[in-house]
Amino acid sequence: MAKGKAKTKAKKTKKVKTVSKRKPKKIKVAKKNSKKISVISVSANEKKKIQTEDPILMQSPRGMHDILPGEQLYWNQIRKSLNHAFLEYGFQRIDVPILEYSNLFVRSIGKGTDIIDKEMYTFVTKGRDNVALRPEFTASIARAYIQHGMNILPKPIKLFSTGTVYRYDRPQEGRYREHRQANFDILGEQDPVLDAQLIQLASRIIDGLKIKNVQFQINSIGCPKCREEYLELLTSYFESKRHKLCHNCKKRLESNPLRILDCKEDKCAQVSAGAPQSIDHLCDECRTHFKYLLEYLDELEVPYIINPRLVRGLNYYTKTVFEIWSVEEGKKHSLGGGGRYDELIETLGGESTPAIGFALGLDRLIMEMKRTKVKLYKESKPRIFLAQLGELAKKKSLKLFSDLEKGGILTAESFGRGSLRSQLRTANRLGVEMALIMGQKEALDGTVIIKNMSSGAQETVPREKLTALIKKILKKNNVVSVRPKK
RNA sequence: GCGGCUAUAGUUCAAUGGCAGAACACCGGUUUGUGGUACCGGGUACGAGGGUCCGAUUCCCUCUAGCCGCCCCA
């Protein structure tokens, strides 16, 4: 008994109605007819076809999920702060396709990365094109930049984009095959002040969403020049400790030695601890760049942690790399990340264009918002319910509803229902302040009953005075009473 | 990609080798034109496919999905 009560209470405190995440449903097809079919003579082949016809699973594909109306409050909040942020910081929106030719990603992100080697959604189209669902935005942005000759635009060019990205990975909470990212890129400038500004922008967005316990991890992995020397040093170091490395890292030694630094295996971490660090082997230019970046961040009062072992899973990065972590109870999730990619545009065939960008994982931001119990802005909801009774009143109230809407008054209704009782029950559940009631009598008289839902008092008013009266009452009751006009 | 746990109603959870149950939610009713409380009634579920068995939601296998750990990242 007590247990049941506690449960109910716990349930009531839940803000967003959750929906089962693991329940597949299927539509049963033509079950009734199956007997008939076997009675009528049907070829064995056809019969088999009917029996083995795939049941339609009422289940989203693996790792993909719906964002239900109950979740949209969170999403609205995110959209709102992203829209503010990108405008305030002078970004222009760009939308790029969800599909690109596969080799665009291969060339930019690079072989030897998990994204390319294991997680790409590639397929061949009817026209025999090799395409892939985008695993990230930057490659497309770079392609669009080159394709549309954006190099002639005044620099820096700041581009904002948001949408879904795809990685064929094993799903877990907060790790989906389809997830949403917001992406910011600044092209055409190499000054570290932009690196700093971009990181501050990320920090502003996250602060604005009231997400707590966030760390900015920063590193510099140098430019191709100094990295080449550093990689030689690093490789020979790891080569000398090869026997102490895990299986994966032995492979990484050939494919992507930088990533060994990132390995979480104990023995590899021990080896890595003694490894040469990229920030100690930067060329003059890269060292200066990094130094200034840190100074700017200090000036902007953006707290950061230098992580010499931070290496990103994409090969196009140069100099600055950073990741945004949420840290709680010893666990960390990445909320976003990015870095400078001064060589990418040129690699893809454009003219040499320095650039920097980052992406935020929106589904993860929402996870964090839920965890930190972020307060949500309430959406304007109807404060009036229109109830009708009888055929004539139904007709008239349909018109009344539209008149109220024109007057900017949000109204709820359930015209499909007959009984006044159930309509008022709904009105009550919606928490409206007033109910308008129109029955046969009122419809004939050209009047409407206004009922105050908290006191129960009601009065009959002529229709033509209704809109003005409602506005007056709503205003008196305070809050924003009328929907803002477009 | 690897390892583990799980799958029963819209939700949270029971029970059971032989008709599957509760709570909450939903819909309707309690004088045909008045909500909240109360009372009454109603619909809806064994993830899919095989196997063992007279009989499987229950035992076994396969698949699928979710969750956890690893890996990876957002």
# chains A, B, ... in the order shown; residues from 1 in each chain; ligands from 1
call {"tool": "closest_atom_pairs", "arguments": {"of": "chain B", "to": "chain A", "cutoff": "12 Å", "atoms": "only C-alpha atoms (C1' of nucleotides)", "output": "Markdown table"}}
result
| residue | atom | partner | partner_atom | distance |
| --- | --- | --- | --- | --- |
| B:G1 | C1' | A:Lys118 | CA | 7.8 |
| B:C2 | C1' | A:Arg170 | CA | 10.6 |
| B:U6 | C1' | A:Arg22 | CA | 9.7 |
| B:A7 | C1' | A:Arg22 | CA | 7.1 |
| B:U8 | C1' | A:Lys23 | CA | 10.5 |
| B:A9 | C1' | A:Lys23 | CA | 11.6 |
| B:G10 | C1' | A:Val19 | CA | 8.1 |
| B:U11 | C1' | A:Val19 | CA | 7.2 |
| B:U12 | C1' | A:Lys7 | CA | 7.9 |
| B:C13 | C1' | A:Gly4 | CA | 9.9 |
| B:A22 | C1' | A:Gly4 | CA | 10.0 |
| B:A23 | C1' | A:Gly4 | CA | 7.0 |
| B:C24 | C1' | A:Thr8 | CA | 6.8 |
| B:A25 | C1' | A:Lys17 | CA | 10.6 |
| B:C27 | C1' | A:Ser422 | CA | 10.0 |
| B:G28 | C1' | A:Ser422 | CA | 9.1 |
| B:G29 | C1' | A:Arg421 | CA | 10.6 |
| B:U30 | C1' | A:Arg421 | CA | 11.8 |
| B:U32 | C1' | A:Ser419 | CA | 10.2 |
| B:G33 | C1' | A:Leu420 | CA | 6.9 |
| B:U34 | C1' | A:Arg421 | CA | 6.3 |
| B:G35 | C1' | A:Arg425 | CA | 4.5 |
| B:G36 | C1' | A:Asn428 | CA | 6.8 |
| B:A45 | C1' | A:Lys25 | CA | 10.1 |
| B:C46 | C1' | A:Lys23 | CA | 11.7 |
| B:G47 | C1' | A:Pro24 | CA | 5.2 |
| B:A48 | C1' | A:Pro55 | CA | 8.5 |
| B:G49 | C1' | A:Thr52 | CA | 10.0 |
| B:U64 | C1' | A:Pro24 | CA | 9.0 |
| B:A65 | C1' | A:Arg22 | CA | 5.9 |
| B:G66 | C1' | A:Arg22 | CA | 4.8 |
| B:C67 | C1' | A:Gln172 | CA | 7.2 |
| B:C68 | C1' | A:Gln172 | CA | 8.7 |
| B:G69 | C1' | A:Gln172 | CA | 10.9 |
| B:C70 | C1' | A:Lys264 | CA | 9.8 |
| B:C71 | C1' | A:Lys264 | CA | 9.3 |
| B:C72 | C1' | A:Asp114 | CA | 7.1 |
| B:C73 | C1' | A:Ser334 | CA | 7.3 |
| B:A74 | C1' | A:Gly361 | CA | 4.1 |
call {"tool": "residues_around", "arguments": {"residues": "Asn213 in chain A", "least_positions_apart": "3", "cutoff": "12 Å", "atoms": "only C-alpha atoms (C1' of nucleotides)", "output": "list in words"}}
result
Ser203, Ile206, Asp207, Lys210, Phe216, Pro303, Ile324, Trp325, Ser326, Val327, Glu328, Glu329, Gly330, Lys331, Lys332, His333, Ser334, Leu335, Glu368, Met369, Arg371 and Thr372 of chain A
call {"tool": "select_by_dssp", "arguments": {"residues": "range 182-325 of chain A", "states": "strand (DSSP E or B)", "output": "list in words"}}
result
Ala182, Asn183, Phe184, Asp185, Ile186, Leu187, Val214, Gln215, Phe216, Gln217, Ile218, Asn219, Ser220, Ile305, Ile306, Thr318, Lys319, Thr320, Val321, Phe322, Glu323, Ile324 and Trp325 of chain A
call {"tool": "write_last_selection", "arguments": {"atoms": "N, CA and C atoms", "output": "mmCIF file, in the first residue's frame"}}
result
data_model
loop_
_atom_site.group_PDB
_atom_site.id
_atom_site.type_symbol
_atom_site.label_atom_id
_atom_site.label_comp_id
_atom_site.auth_asym_id
_atom_site.auth_seq_id
_atom_site.Cartn_x
_atom_site.Cartn_y
_atom_site.Cartn_z
ATOM 1 N N ALA A 182 24.625 21.025 -33.359
ATOM 2 C CA ALA A 182 24.702 22.404 -33.834
ATOM 3 C C ALA A 182 26.164 22.647 -34.136
ATOM 4 N N ASN A 183 26.432 23.270 -35.260
ATOM 5 C CA ASN A 183 27.793 23.362 -35.740
ATOM 6 C C ASN A 183 28.159 24.809 -36.076
ATOM 7 N N PHE A 184 29.279 25.230 -35.562
ATOM 8 C CA PHE A 184 29.757 26.608 -35.801
ATOM 9 C C PHE A 184 31.125 26.553 -36.467
ATOM 10 N N ASP A 185 31.296 27.281 -37.558
ATOM 11 C CA ASP A 185 32.601 27.331 -38.209
ATOM 12 C C ASP A 185 32.964 28.764 -38.543
ATOM 13 N N ILE A 186 34.244 29.059 -38.393
ATOM 14 C CA ILE A 186 34.747 30.371 -38.805
ATOM 15 C C ILE A 186 35.858 30.124 -39.824
ATOM 16 N N LEU A 187 35.670 30.628 -41.022
ATOM 17 C CA LEU A 187 36.643 30.352 -42.079
ATOM 18 C C LEU A 187 37.367 31.621 -42.505
ATOM 19 N N VAL A 214 30.697 21.592 -16.098
ATOM 20 C CA VAL A 214 31.240 21.448 -17.444
ATOM 21 C C VAL A 214 32.709 21.835 -17.452
ATOM 22 N N GLN A 215 33.508 21.080 -18.184
ATOM 23 C CA GLN A 215 34.931 21.385 -18.319
ATOM 24 C C GLN A 215 35.292 21.616 -19.779
ATOM 25 N N PHE A 216 36.130 22.584 -20.013
ATOM 26 C CA PHE A 216 36.688 22.769 -21.350
ATOM 27 C C PHE A 216 38.101 22.212 -21.366
ATOM 28 N N GLN A 217 38.290 21.165 -22.136
ATOM 29 C CA GLN A 217 39.592 20.525 -22.251
ATOM 30 C C GLN A 217 40.248 21.034 -23.532
ATOM 31 N N ILE A 218 41.478 21.514 -23.389
ATOM 32 C CA ILE A 218 42.136 22.143 -24.531
ATOM 33 C C ILE A 218 43.514 21.562 -24.762
ATOM 34 N N ASN A 219 43.882 21.488 -26.019
ATOM 35 C CA ASN A 219 45.221 21.032 -26.367
ATOM 36 C C ASN A 219 45.604 21.638 -27.705
ATOM 37 N N SER A 220 46.890 21.574 -28.008
ATOM 38 C CA SER A 220 47.310 21.945 -29.358
ATOM 39 C C SER A 220 48.080 20.771 -29.940
ATOM 40 N N ILE A 305 40.948 23.533 -19.049
ATOM 41 C CA ILE A 305 41.950 22.613 -18.531
ATOM 42 C C ILE A 305 42.817 22.197 -19.711
ATOM 43 N N ILE A 306 44.118 22.377 -19.570
ATOM 44 C CA ILE A 306 44.995 21.922 -20.651
ATOM 45 C C ILE A 306 45.155 20.420 -20.511
ATOM 46 N N THR A 318 44.298 20.840 -36.812
ATOM 47 C CA THR A 318 45.638 21.384 -36.639
ATOM 48 C C THR A 318 45.586 22.325 -35.445
ATOM 49 N N LYS A 319 46.728 22.525 -34.830
ATOM 50 C CA LYS A 319 46.822 23.446 -33.695
ATOM 51 C C LYS A 319 45.753 23.160 -32.629
ATOM 52 N N THR A 320 44.818 24.090 -32.479
ATOM 53 C CA THR A 320 43.876 24.007 -31.366
ATOM 54 C C THR A 320 42.880 22.853 -31.490
ATOM 55 N N VAL A 321 42.777 22.040 -30.458
ATOM 56 C CA VAL A 321 41.656 21.103 -30.361
ATOM 57 C C VAL A 321 41.043 21.263 -28.977
ATOM 58 N N PHE A 322 39.746 21.079 -28.893
ATOM 59 C CA PHE A 322 39.122 21.158 -27.572
ATOM 60 C C PHE A 322 37.880 20.279 -27.505
ATOM 61 N N GLU A 323 37.561 19.891 -26.291
ATOM 62 C CA GLU A 323 36.346 19.117 -26.065
ATOM 63 C C GLU A 323 35.640 19.669 -24.842
ATOM 64 N N ILE A 324 34.323 19.540 -24.856
ATOM 65 C CA ILE A 324 33.528 20.034 -23.739
ATOM 66 C C ILE A 324 32.980 18.821 -23.016
ATOM 67 N N TRP A 325 33.339 18.683 -21.766
ATOM 68 C CA TRP A 325 32.904 17.519 -21.003
ATOM 69 C C TRP A 325 31.952 17.929 -19.897
#
call {"tool": "atom_distance", "arguments": {"atom1": "CA of Gly188 in chain A", "atom2": "CA of Ala355 in chain A"}}
result
5.8 Å
call {"tool": "residues_around", "arguments": {"residues": "U58 in chain B", "least_positions_apart": "2", "cutoff": "8 Å", "atoms": "only C-alpha atoms (C1' of nucleotides)", "output": "PDB file with N, CA and C atoms (P, O5', C5', C4', C3', O3' and C1' of nucleotides), in the first residue's frame"}}
result
ATOM      1  P     U B  16       4.472 -17.169  -9.574  1.00  0.00           P
ATOM      2  O5'   U B  16       3.762 -18.012 -10.708  1.00  0.00           O
ATOM      3  C5'   U B  16       2.542 -18.700 -10.430  1.00  0.00           C
ATOM      4  C4'   U B  16       1.934 -19.171 -11.711  1.00  0.00           C
ATOM      5  C3'   U B  16       2.888 -19.903 -12.647  1.00  0.00           C
ATOM      6  O3'   U B  16       3.078 -21.265 -12.290  1.00  0.00           O
ATOM      7  C1'   U B  16       1.681 -18.300 -13.879  1.00  0.00           C
ATOM      8  P     G B  17       4.391 -22.032 -12.822  1.00  0.00           P
ATOM      9  O5'   G B  17       4.321 -21.953 -14.408  1.00  0.00           O
ATOM     10  C5'   G B  17       4.861 -22.959 -15.217  1.00  0.00           C
ATOM     11  C4'   G B  17       3.890 -23.286 -16.347  1.00  0.00           C
ATOM     12  C3'   G B  17       2.812 -24.278 -15.950  1.00  0.00           C
ATOM     13  O3'   G B  17       1.605 -23.970 -16.661  1.00  0.00           O
ATOM     14  C1'   G B  17       3.949 -25.086 -17.810  1.00  0.00           C
ATOM     15  P     A B  56       1.894 -24.666 -26.731  1.00  0.00           P
ATOM     16  O5'   A B  56       1.820 -23.381 -25.818  1.00  0.00           O
ATOM     17  C5'   A B  56       1.802 -23.431 -24.399  1.00  0.00           C
ATOM     18  C4'   A B  56       2.577 -22.253 -23.887  1.00  0.00           C
ATOM     19  C3'   A B  56       3.287 -21.448 -24.967  1.00  0.00           C
ATOM     20  O3'   A B  56       3.362 -20.086 -24.572  1.00  0.00           O
ATOM     21  C1'   A B  56       4.882 -22.372 -23.520  1.00  0.00           C
TER      22        A B  56
END
call {"tool": "atom_distance", "arguments": {"atom1": "CA of Phe91 in chain A", "atom2": "CA of Tyr377 in chain A"}}
result
25.3 Å
call {"tool": "atom_distance", "arguments": {"atom1": "CA of Ser397 in chain A", "atom2": "CA of Lys378 in chain A"}}
result
28.1 Å
call {"tool": "select_by_dssp", "arguments": {"residues": "range 47-270 of chain A", "states": "helix (DSSP H, G or I)", "output": "MDAnalysis selection string"}}
result
chainID A and resid 47:52 69:88 102:109 114:117 138:147 150:152 192:208 224:240 242:244 247:255 257:262 266:270
call {"tool": "write_last_selection", "arguments": {"atoms": "C-alpha atoms", "output": "compact mmCIF listing (two decimals), in the first residue's frame"}}
result
# COMPACT_ATOMS: atom_id res chain seq x y z
CA LYS A 47 1.01 -19.34 -49.31
CA LYS A 48 4.56 -19.26 -48.12
CA LYS A 49 4.83 -15.67 -49.16
CA ILE A 50 1.78 -14.76 -47.12
CA GLN A 51 3.05 -16.58 -44.08
CA THR A 52 6.53 -15.17 -44.22
CA PRO A 69 5.69 16.65 -27.92
CA GLY A 70 6.50 16.28 -24.24
CA GLU A 71 10.20 16.76 -24.98
CA GLN A 72 9.79 19.78 -27.17
CA LEU A 73 10.04 22.25 -24.30
CA TYR A 74 13.67 21.29 -23.94
CA TRP A 75 14.26 21.51 -27.65
CA ASN A 76 12.61 24.89 -27.91
CA GLN A 77 14.88 26.18 -25.24
CA ILE A 78 17.94 24.89 -27.06
CA ARG A 79 16.78 26.25 -30.40
CA LYS A 80 16.12 29.58 -28.83
CA SER A 81 19.54 29.96 -27.27
CA LEU A 82 21.28 28.69 -30.39
CA ASN A 83 19.43 31.20 -32.52
CA HIS A 84 20.39 34.00 -30.18
CA ALA A 85 23.99 32.90 -30.01
CA PHE A 86 24.65 32.55 -33.71
CA LEU A 87 23.11 35.92 -34.49
CA GLU A 88 24.88 37.73 -31.67
CA SER A 102 31.43 9.14 -49.35
CA ASN A 103 34.92 10.13 -50.41
CA LEU A 104 34.35 13.68 -49.18
CA PHE A 105 34.21 12.33 -45.66
CA VAL A 106 36.99 9.85 -46.20
CA ARG A 107 39.28 12.54 -47.52
CA SER A 108 38.48 15.08 -44.80
CA ILE A 109 38.01 13.03 -41.65
CA ASP A 114 36.72 5.24 -36.09
CA ILE A 115 34.22 7.47 -37.82
CA ILE A 116 35.45 6.50 -41.26
CA ASP A 117 36.55 2.94 -40.61
CA THR A 138 32.53 20.27 -41.22
CA ALA A 139 33.24 18.28 -44.37
CA SER A 140 30.03 19.52 -45.97
CA ILE A 141 30.70 23.09 -44.89
CA ALA A 142 34.15 22.94 -46.43
CA ARG A 143 32.73 21.46 -49.62
CA ALA A 144 30.06 24.15 -49.83
CA TYR A 145 32.69 26.81 -49.21
CA ILE A 146 34.74 25.62 -52.15
CA GLN A 147 31.82 24.81 -54.43
CA MET A 150 32.92 31.68 -50.71
CA ASN A 151 36.60 32.63 -50.68
CA ILE A 152 35.60 35.92 -52.31
CA PRO A 192 43.99 32.71 -32.17
CA VAL A 193 41.53 35.37 -31.06
CA LEU A 194 38.93 33.53 -33.12
CA ASP A 195 39.77 30.26 -31.41
CA ALA A 196 39.13 32.00 -28.13
CA GLN A 197 35.93 33.62 -29.28
CA LEU A 198 34.56 30.35 -30.54
CA ILE A 199 35.32 28.59 -27.28
CA GLN A 200 33.69 31.43 -25.41
CA LEU A 201 30.64 31.09 -27.61
CA ALA A 202 30.39 27.42 -26.67
CA SER A 203 30.74 28.35 -23.05
CA ARG A 204 28.04 31.01 -23.35
CA ILE A 205 25.57 28.60 -24.87
CA ILE A 206 26.14 26.01 -22.19
CA ASP A 207 25.94 28.55 -19.40
CA GLY A 208 22.79 29.95 -20.96
CA PRO A 224 51.72 19.40 -40.21
CA LYS A 225 55.28 20.70 -39.97
CA CYS A 226 55.85 20.32 -36.27
CA ARG A 227 53.52 17.40 -35.98
CA GLU A 228 55.61 15.38 -38.37
CA GLU A 229 58.63 15.76 -36.13
CA TYR A 230 56.56 15.14 -33.06
CA LEU A 231 54.97 12.04 -34.54
CA GLU A 232 58.37 10.59 -35.31
CA LEU A 233 59.39 11.19 -31.75
CA LEU A 234 56.18 9.75 -30.42
CA THR A 235 56.27 6.73 -32.67
CA SER A 236 59.79 5.86 -31.74
CA TYR A 237 58.90 6.27 -28.08
CA PHE A 238 55.90 3.94 -28.37
CA GLU A 239 57.89 1.59 -30.59
CA SER A 240 60.35 1.18 -27.75
CA ARG A 242 55.55 -1.69 -27.93
CA HIS A 243 55.35 -4.81 -25.75
CA LYS A 244 53.54 -2.85 -23.06
CA HIS A 247 46.27 -4.96 -28.87
CA ASN A 248 44.44 -1.95 -30.29
CA CYS A 249 47.32 0.38 -29.66
CA LYS A 250 49.75 -1.90 -31.43
CA LYS A 251 47.58 -1.40 -34.45
CA ARG A 252 47.31 2.32 -33.80
CA LEU A 253 51.08 2.49 -33.87
CA GLU A 254 50.79 2.01 -37.62
CA SER A 255 47.50 3.73 -38.35
CA PRO A 257 49.85 6.76 -33.19
CA LEU A 258 48.45 10.00 -31.79
CA ARG A 259 45.42 8.09 -30.59
CA ILE A 260 47.46 5.89 -28.29
CA LEU A 261 47.65 8.90 -25.98
CA ASP A 262 43.92 8.68 -25.73
CA ASP A 266 45.77 1.06 -17.83
CA LYS A 267 48.97 -0.20 -19.33
CA CYS A 268 48.71 2.18 -22.27
CA ALA A 269 47.91 5.09 -19.99
CA GLN A 270 51.07 4.29 -18.03
call {"tool": "residues_around", "arguments": {"residues": "Gln277 in chain A", "least_positions_apart": "4", "cutoff": "8 Å", "atoms": "only C-alpha atoms (C1' of nucleotides)", "output": "PyMOL selection string"}}
result
chain A and resi 281+308-309
call {"tool": "closest_residue", "arguments": {"among": "A:Asp284, A:Asp342, A:Glu379, A:Asp66", "to": "Pro354 in chain A", "atoms": "only C-alpha atoms"}}
result
A:Asp342
call {"tool": "decode", "arguments": {"residues": "range 19-39 of chain B", "atoms": "N, CA and C atoms (P, O5', C5', C4', C3', O3' and C1' of nucleotides)", "output": "short mmCIF file (atom, residue, chain, number, x, y, z; two decimals), in the first residue's frame"}}
result
data_model
loop_
_atom_site.label_atom_id
_atom_site.label_comp_id
_atom_site.auth_asym_id
_atom_site.auth_seq_id
_atom_site.Cartn_x
_atom_site.Cartn_y
_atom_site.Cartn_z
P C B 19 -4.84 -20.74 -18.39
"O5'" C B 19 -6.36 -20.68 -18.92
"C5'" C B 19 -6.61 -20.39 -20.27
"C4'" C B 19 -7.38 -19.07 -20.35
"C3'" C B 19 -6.77 -17.92 -19.54
"O3'" C B 19 -6.97 -16.71 -20.26
"C1'" C B 19 -8.95 -18.30 -18.78
P A B 20 -5.90 -15.52 -20.13
"O5'" A B 20 -5.92 -14.99 -18.64
"C5'" A B 20 -5.13 -15.59 -17.60
"C4'" A B 20 -4.28 -14.53 -16.93
"C3'" A B 20 -4.96 -13.16 -16.81
"O3'" A B 20 -5.58 -13.08 -15.54
"C1'" A B 20 -2.72 -12.96 -17.63
P G B 21 -6.91 -12.25 -15.46
"O5'" G B 21 -6.49 -10.90 -14.74
"C5'" G B 21 -6.97 -10.56 -13.55
"C4'" G B 21 -5.91 -9.82 -12.77
"C3'" G B 21 -5.91 -8.29 -12.89
"O3'" G B 21 -7.01 -7.69 -12.26
"C1'" G B 21 -3.70 -9.09 -12.78
P A B 22 -7.36 -6.17 -12.49
"O5'" A B 22 -6.33 -5.43 -11.52
"C5'" A B 22 -6.34 -5.68 -10.13
"C4'" A B 22 -5.23 -4.92 -9.47
"C3'" A B 22 -5.24 -3.42 -9.76
"O3'" A B 22 -6.12 -2.75 -8.89
"C1'" A B 22 -3.05 -4.26 -10.07
P A B 23 -6.80 -1.41 -9.31
"O5'" A B 23 -5.61 -0.36 -9.19
"C5'" A B 23 -5.05 -0.04 -7.91
"C4'" A B 23 -3.82 0.80 -8.12
"C3'" A B 23 -4.02 2.03 -9.00
"O3'" A B 23 -4.52 3.12 -8.26
"C1'" A B 23 -2.12 0.84 -9.73
P C B 24 -5.63 4.04 -8.89
"O5'" C B 24 -4.79 4.91 -9.93
"C5'" C B 24 -3.85 5.88 -9.47
"C4'" C B 24 -2.88 6.23 -10.56
"C3'" C B 24 -3.48 6.83 -11.82
"O3'" C B 24 -3.78 8.21 -11.68
"C1'" C B 24 -1.92 5.18 -12.43
P A B 25 -5.00 8.82 -12.50
"O5'" A B 25 -4.55 8.61 -14.02
"C5'" A B 25 -3.51 9.42 -14.57
"C4'" A B 25 -3.28 9.05 -16.02
"C3'" A B 25 -4.51 9.13 -16.92
"O3'" A B 25 -4.73 10.46 -17.37
"C1'" A B 25 -3.41 7.08 -17.28
P C B 26 -6.19 10.93 -17.67
"O5'" C B 26 -6.61 10.05 -18.93
"C5'" C B 26 -5.97 10.22 -20.19
"C4'" C B 26 -6.52 9.22 -21.16
"C3'" C B 26 -8.03 9.25 -21.32
"O3'" C B 26 -8.44 10.26 -22.21
"C1'" C B 26 -7.31 7.02 -21.07
P C B 27 -9.73 11.07 -21.93
"O5'" C B 27 -10.88 10.06 -22.38
"C5'" C B 27 -11.04 9.71 -23.74
"C4'" C B 27 -12.06 8.61 -23.88
"C3'" C B 27 -13.39 8.89 -23.20
"O3'" C B 27 -14.22 9.73 -23.97
"C1'" C B 27 -12.69 6.71 -22.65
P G B 28 -15.17 10.73 -23.22
"O5'" G B 28 -16.29 9.79 -22.60
"C5'" G B 28 -17.22 9.15 -23.45
"C4'" G B 28 -17.99 8.09 -22.71
"C3'" G B 28 -18.85 8.57 -21.55
"O3'" G B 28 -20.04 9.21 -21.97
"C1'" G B 28 -17.73 6.61 -20.92
P G B 29 -20.72 10.29 -21.06
"O5'" G B 29 -21.35 9.42 -19.89
"C5'" G B 29 -22.45 8.56 -20.16
"C4'" G B 29 -22.74 7.71 -18.96
"C3'" G B 29 -23.21 8.43 -17.71
"O3'" G B 29 -24.59 8.76 -17.78
"C1'" G B 29 -21.57 6.84 -17.13
P U B 30 -25.17 9.96 -16.96
"O5'" U B 30 -25.02 9.43 -15.46
"C5'" U B 30 -25.94 8.46 -14.94
"C4'" U B 30 -25.67 8.23 -13.49
"C3'" U B 30 -25.77 9.46 -12.60
"O3'" U B 30 -27.12 9.75 -12.26
"C1'" U B 30 -23.83 8.26 -12.05
P U B 31 -27.65 11.22 -12.07
"O5'" U B 31 -27.84 11.96 -13.46
"C5'" U B 31 -28.37 11.33 -14.62
"C4'" U B 31 -29.69 11.94 -15.06
"C3'" U B 31 -29.68 13.45 -15.28
"O3'" U B 31 -29.27 13.76 -16.60
"C1'" U B 31 -31.55 12.87 -13.97
P U B 32 -28.30 15.05 -16.90
"O5'" U B 32 -27.97 15.00 -18.45
"C5'" U B 32 -28.02 13.79 -19.20
"C4'" U B 32 -28.91 13.93 -20.41
"C3'" U B 32 -29.43 15.35 -20.68
"O3'" U B 32 -28.47 16.14 -21.37
"C1'" U B 32 -31.18 13.78 -20.89
P G B 33 -28.62 17.67 -21.65
"O5'" G B 33 -27.93 18.10 -20.31
"C5'" G B 33 -26.59 18.21 -20.07
"C4'" G B 33 -26.29 19.60 -19.60
"C3'" G B 33 -27.10 20.02 -18.39
"O3'" G B 33 -26.19 20.43 -17.37
"C1'" G B 33 -27.11 21.71 -20.07
P U B 34 -25.97 19.47 -16.10
"O5'" U B 34 -24.47 19.74 -15.70
"C5'" U B 34 -23.38 19.22 -16.50
"C4'" U B 34 -22.13 19.97 -16.12
"C3'" U B 34 -22.06 20.29 -14.63
"O3'" U B 34 -20.74 20.13 -14.20
"C1'" U B 34 -21.98 22.28 -15.89
P G B 35 -20.38 18.81 -13.38
"O5'" G B 35 -18.80 18.86 -13.53
"C5'" G B 35 -18.18 18.25 -14.67
"C4'" G B 35 -16.71 18.55 -14.66
"C3'" G B 35 -16.06 18.35 -13.30
"O3'" G B 35 -15.65 17.00 -13.19
"C1'" G B 35 -15.43 20.46 -14.18
P G B 36 -15.62 16.28 -11.76
"O5'" G B 36 -14.20 16.68 -11.16
"C5'" G B 36 -12.98 16.46 -11.91
"C4'" G B 36 -11.87 17.18 -11.18
"C3'" G B 36 -11.74 16.73 -9.73
"O3'" G B 36 -10.42 16.31 -9.45
"C1'" G B 36 -12.09 19.10 -9.88
P U B 37 -10.25 14.70 -9.34
"O5'" U B 37 -10.94 14.27 -7.97
"C5'" U B 37 -10.34 14.63 -6.74
"C4'" U B 37 -11.31 14.37 -5.61
"C3'" U B 37 -11.96 12.99 -5.61
"O3'" U B 37 -11.09 12.01 -5.08
"C1'" U B 37 -13.59 14.64 -5.14
P A B 38 -11.15 10.51 -5.65
"O5'" A B 38 -12.62 10.06 -5.22
"C5'" A B 38 -12.94 9.84 -3.85
"C4'" A B 38 -14.40 9.46 -3.72
"C3'" A B 38 -14.80 8.25 -4.56
"O3'" A B 38 -14.49 7.04 -3.90
"C1'" A B 38 -16.37 9.99 -4.87
P C B 39 -13.99 5.78 -4.75
"O5'" C B 39 -15.35 5.22 -5.36
"C5'" C B 39 -16.38 4.76 -4.50
"C4'" C B 39 -17.65 4.57 -5.28
"C3'" C B 39 -17.52 3.70 -6.53
"O3'" C B 39 -17.55 2.32 -6.21
"C1'" C B 39 -18.71 5.66 -7.08
#
